[in-house]
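Okay, data_15.cif is below, mmCIF, C-alpha atoms:
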```
data_data
loop_
_atom_site.label_atom_id
_atom_site.label_comp_id
_atom_site.auth_asym_id
_atom_site.auth_seq_id
_atom_site.Cartn_x
_atom_site.Cartn_y
_atom_site.Cartn_z
CA MET A 1 -4.67 43.18 74.05
CA THR A 2 -5.94 42.95 77.64
CA ILE A 3 -9.19 41.06 78.09
CA ASP A 4 -11.76 42.68 80.36
CA TRP A 5 -13.10 39.46 81.86
CA ASP A 6 -15.72 41.29 83.93
CA ARG A 7 -17.43 43.14 81.09
CA ARG A 8 -16.98 40.18 78.76
CA THR A 9 -18.93 37.98 81.18
CA CYS A 10 -21.59 40.62 81.87
CA ALA A 11 -22.13 41.00 78.13
CA ARG A 12 -22.95 37.28 77.92
CA ARG A 13 -24.74 36.68 81.20
CA GLY A 14 -26.01 40.10 82.27
CA HIS A 15 -25.21 42.23 85.31
CA VAL A 16 -25.51 41.15 88.94
CA THR A 17 -26.82 43.78 91.37
CA TYR A 18 -27.46 43.69 95.11
CA ALA A 19 -28.92 46.17 97.62
CA PRO A 20 -27.12 45.99 100.99
CA GLU A 21 -28.91 47.01 104.15
CA ASP A 22 -25.97 49.10 105.37
CA PRO A 23 -26.75 52.69 104.24
CA ARG A 24 -23.04 53.50 103.82
CA LEU A 25 -22.70 50.77 101.21
CA ARG A 26 -26.12 51.36 99.73
CA VAL A 27 -25.40 55.00 98.86
CA ARG A 28 -22.25 53.94 97.00
CA LEU A 29 -24.03 51.31 94.94
CA ARG A 30 -27.23 53.14 94.02
CA ALA A 31 -28.05 56.24 91.98
CA ASP A 32 -31.13 57.96 90.54
CA THR A 33 -31.41 58.86 86.86
CA ALA A 34 -34.11 60.27 84.60
CA LEU A 35 -34.97 56.69 83.61
CA GLY A 36 -35.13 55.41 87.18
CA GLU A 37 -32.82 53.96 89.80
CA VAL A 38 -29.57 52.26 88.81
CA TRP A 39 -27.39 49.84 90.79
CA ARG A 40 -23.72 49.09 90.47
CA CYS A 41 -22.97 45.64 89.07
CA LEU A 42 -21.03 43.44 91.49
CA ARG A 43 -19.00 42.00 88.63
CA CYS A 44 -18.00 44.82 86.26
CA GLY A 45 -18.77 47.86 88.44
CA ASP A 46 -20.99 49.55 85.84
CA PHE A 47 -24.44 50.84 86.76
CA ALA A 48 -27.43 48.82 85.55
CA LEU A 49 -30.94 50.23 85.22
CA GLY A 50 -33.69 48.63 87.28
CA ALA A 51 -34.32 47.11 90.69
CA PRO A 52 -31.51 45.07 92.28
CA HIS A 53 -31.51 41.32 91.88
CA GLY A 54 -31.27 40.82 95.63
CA SER A 55 -31.04 42.62 98.95
CA GLY A 56 -30.01 41.98 102.54
CA PRO A 57 -26.92 42.15 104.78
CA ALA A 58 -23.62 42.88 103.05
CA ALA A 59 -22.24 39.59 104.34
CA ASP A 60 -24.95 37.75 102.39
CA ALA A 61 -24.08 39.42 99.08
CA PRO A 62 -23.34 36.86 96.34
CA LEU A 63 -19.69 36.07 95.72
CA VAL A 64 -19.58 36.98 92.04
CA PRO A 65 -16.34 35.89 90.30
CA ARG A 66 -14.40 38.90 89.02
CA GLY A 67 -11.08 39.66 87.32
CA THR A 68 -8.47 36.94 87.65
CA VAL A 69 -11.04 34.62 89.21
CA LEU A 70 -13.03 34.77 85.97
CA ARG A 71 -9.88 34.19 83.95
CA ASP A 72 -9.06 31.13 86.05
CA LEU A 73 -12.61 29.84 85.55
CA PHE A 74 -12.25 30.22 81.77
CA ILE A 75 -8.99 28.23 81.79
CA LEU A 76 -10.49 25.53 84.02
CA ARG A 77 -13.38 25.13 81.61
CA PHE A 78 -10.96 24.89 78.68
CA LEU A 79 -9.22 22.05 80.52
CA ALA A 80 -12.62 20.52 81.29
CA VAL A 81 -13.48 20.39 77.58
CA GLU A 82 -10.08 18.84 76.81
CA ARG A 83 -10.65 16.19 79.51
CA ALA A 84 -14.17 15.48 78.25
CA VAL A 85 -12.97 14.99 74.66
CA ARG A 86 -10.17 12.72 75.83
CA GLY A 87 -12.55 10.75 78.03
CA VAL A 88 -15.02 10.15 75.19
CA PHE A 89 -12.18 9.07 72.89
CA ILE A 90 -10.88 6.58 75.47
CA VAL A 91 -14.39 5.17 75.88
CA LEU A 92 -14.54 4.58 72.13
CA VAL A 93 -11.15 2.86 72.23
CA ALA A 94 -12.29 0.66 75.13
CA VAL A 95 -15.43 -0.34 73.21
CA ALA A 96 -13.30 -1.12 70.15
CA VAL A 97 -10.98 -3.34 72.24
CA TRP A 98 -13.97 -5.13 73.78
CA ARG A 99 -15.55 -5.78 70.38
CA PHE A 100 -12.20 -6.89 69.00
CA SER A 101 -11.81 -9.37 71.87
CA ASN A 102 -15.11 -11.01 70.90
CA SER A 103 -14.32 -11.30 67.18
CA ARG A 104 -10.54 -11.48 67.13
CA ASP A 105 -10.26 -14.28 64.56
CA ALA A 106 -12.57 -12.56 62.07
CA VAL A 107 -10.69 -9.27 62.44
CA ARG A 108 -7.38 -11.04 61.98
CA ARG A 109 -8.52 -12.70 58.75
CA LEU A 110 -9.78 -9.35 57.46
CA PHE A 111 -6.51 -7.70 58.44
CA ASP A 112 -4.46 -10.34 56.62
CA GLU A 113 -6.60 -9.96 53.51
CA TYR A 114 -6.12 -6.20 53.42
CA LEU A 115 -2.41 -6.62 54.15
CA ASP A 116 -2.02 -8.89 51.11
CA VAL A 117 -3.77 -6.30 48.93
CA LEU A 118 -1.77 -3.32 50.25
CA ARG A 119 1.65 -5.00 50.35
CA PRO A 120 2.40 -4.52 46.57
CA VAL A 121 1.16 -0.92 46.70
CA PHE A 122 3.46 0.01 49.57
CA ARG A 123 6.33 -1.94 47.99
CA HIS A 124 5.97 0.33 44.95
CA PHE A 125 6.76 3.26 47.26
CA HIS A 126 9.69 1.36 48.78
CA TYR A 127 7.94 0.71 52.09
CA ASP A 128 8.05 -2.79 53.55
CA LEU A 129 4.83 -3.47 55.47
CA ASP A 130 6.21 -6.73 56.84
CA HIS A 131 8.80 -4.76 58.85
CA SER A 132 6.52 -1.87 59.78
CA PRO A 133 6.38 -1.16 63.55
CA VAL A 134 2.66 -0.34 63.31
CA VAL A 135 1.85 -3.57 61.49
CA GLY A 136 4.01 -5.52 63.92
CA THR A 137 2.17 -4.02 66.92
CA LEU A 138 -1.22 -4.88 65.41
CA GLN A 139 -0.11 -8.44 64.68
CA LYS A 140 1.03 -8.85 68.30
CA THR A 141 -2.40 -7.83 69.58
CA PHE A 142 -3.92 -10.78 67.72
CA GLY A 143 -1.94 -13.05 69.99
CA TYR A 144 -3.34 -11.58 73.22
CA ARG A 145 -5.73 -13.74 75.20
CA HIS A 146 -9.41 -12.84 75.46
CA SER A 147 -9.10 -12.19 79.21
CA THR A 148 -6.15 -9.85 78.65
CA LEU A 149 -8.09 -7.79 76.13
CA LEU A 150 -11.06 -7.57 78.50
CA LEU A 151 -8.72 -6.36 81.26
CA VAL A 152 -7.33 -3.68 78.92
CA ALA A 153 -10.86 -2.59 78.02
CA GLY A 154 -11.77 -2.38 81.71
CA LEU A 155 -8.69 -0.31 82.56
CA LEU A 156 -9.42 2.03 79.66
CA LEU A 157 -12.99 2.50 80.88
CA ALA A 158 -11.74 3.27 84.40
CA TYR A 159 -9.28 5.83 83.00
CA ALA A 160 -12.03 7.37 80.88
CA LEU A 161 -14.28 7.62 83.95
CA VAL A 162 -11.58 9.55 85.81
CA GLU A 163 -11.21 11.93 82.86
CA LEU A 164 -14.96 12.53 82.63
CA VAL A 165 -15.26 13.10 86.39
CA GLU A 166 -12.41 15.61 86.13
CA ALA A 167 -14.20 17.34 83.26
CA VAL A 168 -17.46 17.75 85.18
CA GLY A 169 -15.70 18.91 88.35
CA LEU A 170 -13.47 21.40 86.54
CA TRP A 171 -16.42 22.83 84.60
CA CYS A 172 -18.23 23.42 87.90
CA ALA A 173 -15.00 24.82 89.47
CA LYS A 174 -15.04 22.26 92.29
CA ARG A 175 -11.91 22.28 94.43
CA TRP A 176 -11.87 18.48 94.78
CA ALA A 177 -11.73 18.26 90.97
CA GLU A 178 -8.67 20.51 90.93
CA TYR A 179 -6.92 18.18 93.37
CA LEU A 180 -8.00 15.13 91.38
CA THR A 181 -6.76 16.66 88.13
CA VAL A 182 -3.35 17.56 89.55
CA VAL A 183 -2.83 14.15 91.20
CA ALA A 184 -4.14 12.07 88.28
CA THR A 185 -2.29 14.09 85.63
CA ALA A 186 0.99 14.11 87.57
CA ALA A 187 0.74 10.34 88.10
CA PHE A 188 0.75 9.72 84.34
CA LEU A 189 3.61 12.13 83.55
CA PRO A 190 6.36 9.48 84.07
CA LEU A 191 4.53 7.15 81.65
CA GLU A 192 4.25 9.92 79.04
CA ILE A 193 7.97 10.70 79.41
CA TYR A 194 8.79 6.99 79.03
CA GLU A 195 6.69 6.80 75.86
CA LEU A 196 8.72 9.69 74.43
CA THR A 197 11.93 7.72 75.00
CA GLU A 198 10.39 4.88 72.96
CA HIS A 199 9.00 6.99 70.12
CA VAL A 200 8.95 10.76 69.68
CA SER A 201 5.97 12.41 68.02
CA GLY A 202 4.54 15.92 67.91
CA LEU A 203 1.28 14.81 69.51
CA LYS A 204 3.06 13.14 72.44
CA ILE A 205 5.21 16.22 73.03
CA ALA A 206 2.19 18.55 72.87
CA THR A 207 0.23 16.33 75.28
CA LEU A 208 3.13 16.18 77.75
CA VAL A 209 3.64 19.96 77.67
CA LEU A 210 -0.09 20.62 78.09
CA ASN A 211 -0.31 18.26 81.07
CA ILE A 212 2.76 19.78 82.77
CA LEU A 213 1.37 23.29 82.30
CA ALA A 214 -2.03 22.17 83.59
CA VAL A 215 -0.50 20.69 86.75
CA LEU A 216 1.62 23.78 87.46
CA TYR A 217 -1.14 26.25 86.67
CA ILE A 218 -3.87 24.59 88.73
CA ALA A 219 -1.59 23.90 91.70
CA LEU A 220 -0.27 27.47 91.81
CA ALA A 221 -3.28 29.49 90.67
CA LYS A 222 -5.73 27.59 92.88
CA ARG A 223 -3.28 27.44 95.82
CA LEU A 224 -3.46 23.67 96.23
CA PHE A 225 -1.38 21.65 98.74
CA GLY A 226 -0.71 24.78 100.80
CA LEU A 227 1.00 26.64 97.95
CA ARG A 228 0.80 30.47 98.00
CA GLY A 229 -1.08 30.54 101.27
CA GLY A 230 -3.26 27.49 100.67
CA ARG A 231 -7.03 27.33 101.19
CA ARG A 232 -7.19 30.37 103.46
CA ALA A 233 -5.55 32.62 100.86
CA PHE A 234 -7.79 31.12 98.17
CA ASP A 235 -10.94 31.94 100.17
CA GLU A 236 -9.68 35.47 100.85
CA GLU A 237 -9.12 35.94 97.13
CA ARG A 238 -12.67 34.82 96.40
CA ARG A 239 -14.12 37.11 99.07
CA SER A 240 -12.16 40.07 97.72
CA ALA A 241 -14.10 39.73 94.44
CA SER A 242 -17.34 40.71 96.16
CA LEU A 243 -19.51 43.63 97.12
CA LEU A 244 -16.85 44.91 99.54
CA GLU A 245 -14.29 45.30 96.76
CA VAL A 246 -16.76 47.24 94.64
CA SER A 247 -17.55 49.57 97.52
CA GLY A 248 -13.84 50.09 98.15
CA SER A 249 -13.23 50.96 94.52
CA ALA A 250 -15.98 53.57 94.85
CA GLY A 251 -13.94 55.39 97.47
CA MET A 252 -15.20 53.76 100.67
CA ALA A 253 -13.07 51.79 103.07
CA PRO A 254 -14.14 48.15 103.27
CA LEU A 255 -16.17 47.16 106.32
CA ALA A 256 -14.60 44.94 108.94
CA ARG A 257 -15.33 41.30 108.32
#
```

What's the structure tokens form of this structure?
Amino acid sequence: MTIDWDRRTCARRGHVTYAPEDPRLRVRLRADTALGEVWRCLRCGDFALGAPHGSGPAADAPLVPRGTVLRDLFILRFLAVERAVRGVFIVLVAVAVWRFSNSRDAVRRLFDEYLDVLRPVFRHFHYDLDHSPVVGTLQKTFGYRHSTLLLVAGLLLAYALVELVEAVGLWCAKRWAEYLTVVATAAFLPLEIYELTEHVSGLKIATLVLNILAVLYIALAKRLFGLRGGRRAFDEERRSASLLEVSGSAGMAPLAR
């Protein structure tokens, strides 16, 4: 099923109308009905009853996202939510590491107590906790110095900050955020691949695939680093989703820019 991004967005946000000064454009975008004047929406192309939301030269008409531009915006905001959730989770992990660094001995004693209680239970199911990789990793962390744990917490907070900045920028469709997302995500791909060589899990595979797709999609769809015409082609694509495109679809040749 094909999604009509224009009408879907107008149904949620309402129509966007504009009255250009040029009479050739104006006559294509306006009509009279028994209920009053109607104006063609700059997003979906349907006529909306009532006075236009703005007026002036055609060049000053708002650049309303339409079609594939709206689809790209939806995907960017999906990635923004994913980055925000990841950023918040990393912040929580950083706080946990910091708190652990300040009460490491107490946590270790509690861990050993629970391990003694759970060891017979897991032995009943033929699982040796003393040779468990997870338990071994946790026991190693107890040997880390306080300064090392603080450094880890600081690095995690810095990583979380990058994720949250990406989330805000992607939600607002900022081009600098698209560059930041591609560069930051691509930089961590070798580490994610290395982690898969150490231990394979469904979550790690899904995360790696999602990040690779995000890098390829943003770089290609948003024409970053000169791809597919670069910034100039990107701006032309944005301008094509404007009043001039609507007038052209109504049977009028676009005005010279």

Residues near range 213-219 of chain A, cut-off 9 Å, all atoms listed in the file, skip fewer than 2 positions along chain, as a ChimeraX atom specification
/A:72,76,79,178-179,181-183,185-186,208-211,221-225,227

How many Å lie between CA of Ala153 in chain A and CA of Ala96 in chain A, rounded to one decimal?
8.4 Å

So which one's closest to Trp171 in chain A, A:Leu49, A:Ala94, A:Ile75, A:Ala58? Using all atoms listed in the file, please.
A:Ile75

As AutoDock Vina command-line options: centre and edge lengths in Å, one decimal, of the axis-aligned box holding range 43-50 of chain A with 5 Å per side:
```
--center_x -25.8 --center_y 46.4 --center_z 86.9 --size_x 25.7 --size_y 18.8 --size_z 13.4
```

Which polymer residues have any atom within 10 Å of an atom of Ala31 in chain A, counting all atoms listed in the file, with same-chain residues fewer than 4 positions away left out, as an MDAnalysis selection string?
chainID A and resid 26:27 36:40 47:49

Nearest residue to Arg99 in chain A from the set A:Leu149, A:Tyr127, A:Ala59, A:Asp22 (distances using only C-alpha atoms):
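Going through A:Leu149, A:Tyr127, A:Ala59, A:Asp22 one by one, the smallest distance to Arg99 in chain A is for A:Leu149.
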
Can you pull out the residues contacting His53 in chain A? Cut-off 7 Å, using only C-alpha atoms, and skip same-chain residues under 5 positions away; I want them as a list in words.
Val16, Thr17 and Tyr18 of chain A

Would you output that residue set with C-alpha atoms, as a CSV table (one decimal), in the frame of the given file?
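again14.csv was written with the following content:
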```csv
chain,number,residue,atom,x,y,z
A,16,VAL,CA,-25.5,41.2,88.9
A,17,THR,CA,-26.8,43.8,91.4
A,18,TYR,CA,-27.5,43.7,95.1
```

Report, in Å to a single decimal, how far apart CA of Asp235 in chain A and CA of Cys41 in chain A are.
21.3 Å

Atomic distance CA of Ile205 in chain A - CA of Ala160 in chain A, expressed in Å with one decimal:
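Interatomic distance here is 20.9 Å.
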
Determine the residue set returned by the PyMOL selection byres ((chain A and resi 80) around 6) for the present structure, and present it as a PyMOL selection string.
chain A and resi 77-79+81-83+167+170-171

Tell me which of A:Asp112, A:Asp4, A:Asp105, A:Glu163 sits closest to Val91 in chain A, counting only C-alpha atoms.
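Among the listed residues, A:Glu163 lies closest to Val91 in chain A.
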
Find the residues around Ile90 in chain A up to 9 Å (all atoms listed in the file counted), leave out those fewer than 5 positions away in its own chain, and share them as a ChimeraX atom specification.
/A:85,95,156-157,159-160

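With distances restricted to all atoms listed in the file, A:Ala19 is the closest residue to Ala51 in chain A from A:Leu189, A:Ala19, A:Ala177, A:Leu63.
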
I need the residue nearest Asn102 in chain A from this list: A:His199, A:Arg145, A:Arg228, A:Arg43. Use all atoms listed in the file for the distance.
A:Arg145

Here is a test: counting only C-alpha atoms, which residue of A:Glu192, A:Asp116, A:Glu198, A:Asp6 is nearest to Pro65 in chain A?
A:Asp6

Please provide the set of residues having any atom within 8 Å of range 44-46 of chain A, restricted to only C-alpha atoms, with same-chain residues fewer than 4 positions apart removed, written as a short mmCIF file (atom, residue, chain, number, x, y, z; two decimals) with C-alpha atoms, in the coordinates of the input.
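The result, written out as result-v2.cif:
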```cif
data_model
loop_
_atom_site.label_atom_id
_atom_site.label_comp_id
_atom_site.auth_asym_id
_atom_site.auth_seq_id
_atom_site.Cartn_x
_atom_site.Cartn_y
_atom_site.Cartn_z
CA ASP A 6 -15.72 41.29 83.93
CA ARG A 7 -17.43 43.14 81.09
CA CYS A 10 -21.59 40.62 81.87
CA HIS A 15 -25.21 42.23 85.31
CA ARG A 40 -23.72 49.09 90.47
CA ARG A 66 -14.40 38.90 89.02
CA VAL A 246 -16.76 47.24 94.64
#
```

Give me range 154-165 of chain A with all heavy atoms filled in, as a PDB file, in the coordinates of the input.
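Output file out-v9.pdb follows:
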```pdb
ATOM      1  N   GLY A 154     -11.317  -2.843  80.400  1.00  0.00           N
ATOM      2  CA  GLY A 154     -11.770  -2.380  81.710  1.00  0.00           C
ATOM      3  C   GLY A 154     -10.924  -1.253  82.249  1.00  0.00           C
ATOM      4  O   GLY A 154     -11.440  -0.279  82.807  1.00  0.00           O
ATOM      5  N   LEU A 155      -9.595  -1.371  82.098  1.00  0.00           N
ATOM      6  CA  LEU A 155      -8.690  -0.310  82.560  1.00  0.00           C
ATOM      7  C   LEU A 155      -8.915   0.980  81.774  1.00  0.00           C
ATOM      8  O   LEU A 155      -8.869   2.080  82.345  1.00  0.00           O
ATOM      9  CB  LEU A 155      -7.238  -0.769  82.430  1.00  0.00           C
ATOM     10  CG  LEU A 155      -6.813  -1.904  83.370  1.00  0.00           C
ATOM     11  CD1 LEU A 155      -5.388  -2.346  83.055  1.00  0.00           C
ATOM     12  CD2 LEU A 155      -6.920  -1.462  84.828  1.00  0.00           C
ATOM     13  N   LEU A 156      -9.145   0.840  80.474  1.00  0.00           N
ATOM     14  CA  LEU A 156      -9.420   2.030  79.660  1.00  0.00           C
ATOM     15  C   LEU A 156     -10.706   2.710  80.101  1.00  0.00           C
ATOM     16  O   LEU A 156     -10.779   3.950  80.166  1.00  0.00           O
ATOM     17  CB  LEU A 156      -9.496   1.638  78.181  1.00  0.00           C
ATOM     18  CG  LEU A 156      -8.172   1.293  77.502  1.00  0.00           C
ATOM     19  CD1 LEU A 156      -8.421   0.770  76.093  1.00  0.00           C
ATOM     20  CD2 LEU A 156      -7.255   2.516  77.445  1.00  0.00           C
ATOM     21  N   LEU A 157     -11.731   1.918  80.412  1.00  0.00           N
ATOM     22  CA  LEU A 157     -12.990   2.500  80.880  1.00  0.00           C
ATOM     23  C   LEU A 157     -12.804   3.207  82.217  1.00  0.00           C
ATOM     24  O   LEU A 157     -13.391   4.279  82.456  1.00  0.00           O
ATOM     25  CB  LEU A 157     -14.057   1.416  81.005  1.00  0.00           C
ATOM     26  CG  LEU A 157     -14.704   0.947  79.701  1.00  0.00           C
ATOM     27  CD1 LEU A 157     -15.681  -0.183  79.973  1.00  0.00           C
ATOM     28  CD2 LEU A 157     -15.420   2.107  78.999  1.00  0.00           C
ATOM     29  N   ALA A 158     -12.002   2.623  83.110  1.00  0.00           N
ATOM     30  CA  ALA A 158     -11.740   3.270  84.400  1.00  0.00           C
ATOM     31  C   ALA A 158     -11.009   4.588  84.203  1.00  0.00           C
ATOM     32  O   ALA A 158     -11.329   5.598  84.859  1.00  0.00           O
ATOM     33  CB  ALA A 158     -10.916   2.328  85.291  1.00  0.00           C
ATOM     34  N   TYR A 159     -10.032   4.598  83.299  1.00  0.00           N
ATOM     35  CA  TYR A 159      -9.280   5.830  83.000  1.00  0.00           C
ATOM     36  C   TYR A 159     -10.211   6.876  82.396  1.00  0.00           C
ATOM     37  O   TYR A 159     -10.156   8.068  82.744  1.00  0.00           O
ATOM     38  CB  TYR A 159      -8.135   5.505  82.056  1.00  0.00           C
ATOM     39  CG  TYR A 159      -7.287   6.686  81.669  1.00  0.00           C
ATOM     40  CD1 TYR A 159      -6.905   7.625  82.610  1.00  0.00           C
ATOM     41  CD2 TYR A 159      -6.850   6.862  80.354  1.00  0.00           C
ATOM     42  CE1 TYR A 159      -6.113   8.708  82.260  1.00  0.00           C
ATOM     43  CE2 TYR A 159      -6.073   7.941  79.995  1.00  0.00           C
ATOM     44  CZ  TYR A 159      -5.702   8.859  80.947  1.00  0.00           C
ATOM     45  OH  TYR A 159      -4.933   9.931  80.591  1.00  0.00           O
ATOM     46  N   ALA A 160     -11.086   6.438  81.503  1.00  0.00           N
ATOM     47  CA  ALA A 160     -12.030   7.370  80.880  1.00  0.00           C
ATOM     48  C   ALA A 160     -12.980   7.950  81.929  1.00  0.00           C
ATOM     49  O   ALA A 160     -13.325   9.142  81.870  1.00  0.00           O
ATOM     50  CB  ALA A 160     -12.828   6.655  79.791  1.00  0.00           C
ATOM     51  N   LEU A 161     -13.394   7.134  82.891  1.00  0.00           N
ATOM     52  CA  LEU A 161     -14.280   7.620  83.950  1.00  0.00           C
ATOM     53  C   LEU A 161     -13.606   8.715  84.761  1.00  0.00           C
ATOM     54  O   LEU A 161     -14.236   9.734  85.098  1.00  0.00           O
ATOM     55  CB  LEU A 161     -14.685   6.459  84.854  1.00  0.00           C
ATOM     56  CG  LEU A 161     -15.604   6.812  86.035  1.00  0.00           C
ATOM     57  CD1 LEU A 161     -16.920   7.383  85.535  1.00  0.00           C
ATOM     58  CD2 LEU A 161     -15.837   5.594  86.915  1.00  0.00           C
ATOM     59  N   VAL A 162     -12.327   8.515  85.070  1.00  0.00           N
ATOM     60  CA  VAL A 162     -11.580   9.550  85.810  1.00  0.00           C
ATOM     61  C   VAL A 162     -11.533  10.842  85.007  1.00  0.00           C
ATOM     62  O   VAL A 162     -11.746  11.935  85.554  1.00  0.00           O
ATOM     63  CB  VAL A 162     -10.156   9.047  86.125  1.00  0.00           C
ATOM     64  CG1 VAL A 162      -9.307  10.177  86.713  1.00  0.00           C
ATOM     65  CG2 VAL A 162     -10.196   7.878  87.088  1.00  0.00           C
ATOM     66  N   GLU A 163     -11.270  10.740  83.701  1.00  0.00           N
ATOM     67  CA  GLU A 163     -11.210  11.930  82.860  1.00  0.00           C
ATOM     68  C   GLU A 163     -12.550  12.656  82.815  1.00  0.00           C
ATOM     69  O   GLU A 163     -12.608  13.890  82.893  1.00  0.00           O
ATOM     70  CB  GLU A 163     -10.795  11.537  81.429  1.00  0.00           C
ATOM     71  CG  GLU A 163      -9.393  10.989  81.302  1.00  0.00           C
ATOM     72  CD  GLU A 163      -8.342  12.057  81.516  1.00  0.00           C
ATOM     73  OE1 GLU A 163      -8.309  13.026  80.737  1.00  0.00           O
ATOM     74  OE2 GLU A 163      -7.572  11.947  82.494  1.00  0.00           O
ATOM     75  N   LEU A 164     -13.637  11.914  82.712  1.00  0.00           N
ATOM     76  CA  LEU A 164     -14.960  12.530  82.630  1.00  0.00           C
ATOM     77  C   LEU A 164     -15.357  13.152  83.969  1.00  0.00           C
ATOM     78  O   LEU A 164     -15.991  14.216  83.995  1.00  0.00           O
ATOM     79  CB  LEU A 164     -15.996  11.492  82.201  1.00  0.00           C
ATOM     80  CG  LEU A 164     -15.823  10.960  80.769  1.00  0.00           C
ATOM     81  CD1 LEU A 164     -16.815   9.839  80.490  1.00  0.00           C
ATOM     82  CD2 LEU A 164     -15.991  12.079  79.740  1.00  0.00           C
ATOM     83  N   VAL A 165     -14.996  12.508  85.080  1.00  0.00           N
ATOM     84  CA  VAL A 165     -15.260  13.100  86.390  1.00  0.00           C
ATOM     85  C   VAL A 165     -14.475  14.393  86.548  1.00  0.00           C
ATOM     86  O   VAL A 165     -14.992  15.401  87.062  1.00  0.00           O
ATOM     87  CB  VAL A 165     -14.914  12.099  87.515  1.00  0.00           C
ATOM     88  CG1 VAL A 165     -14.936  12.782  88.881  1.00  0.00           C
ATOM     89  CG2 VAL A 165     -15.894  10.936  87.505  1.00  0.00           C
TER      90      VAL A 165
END
```
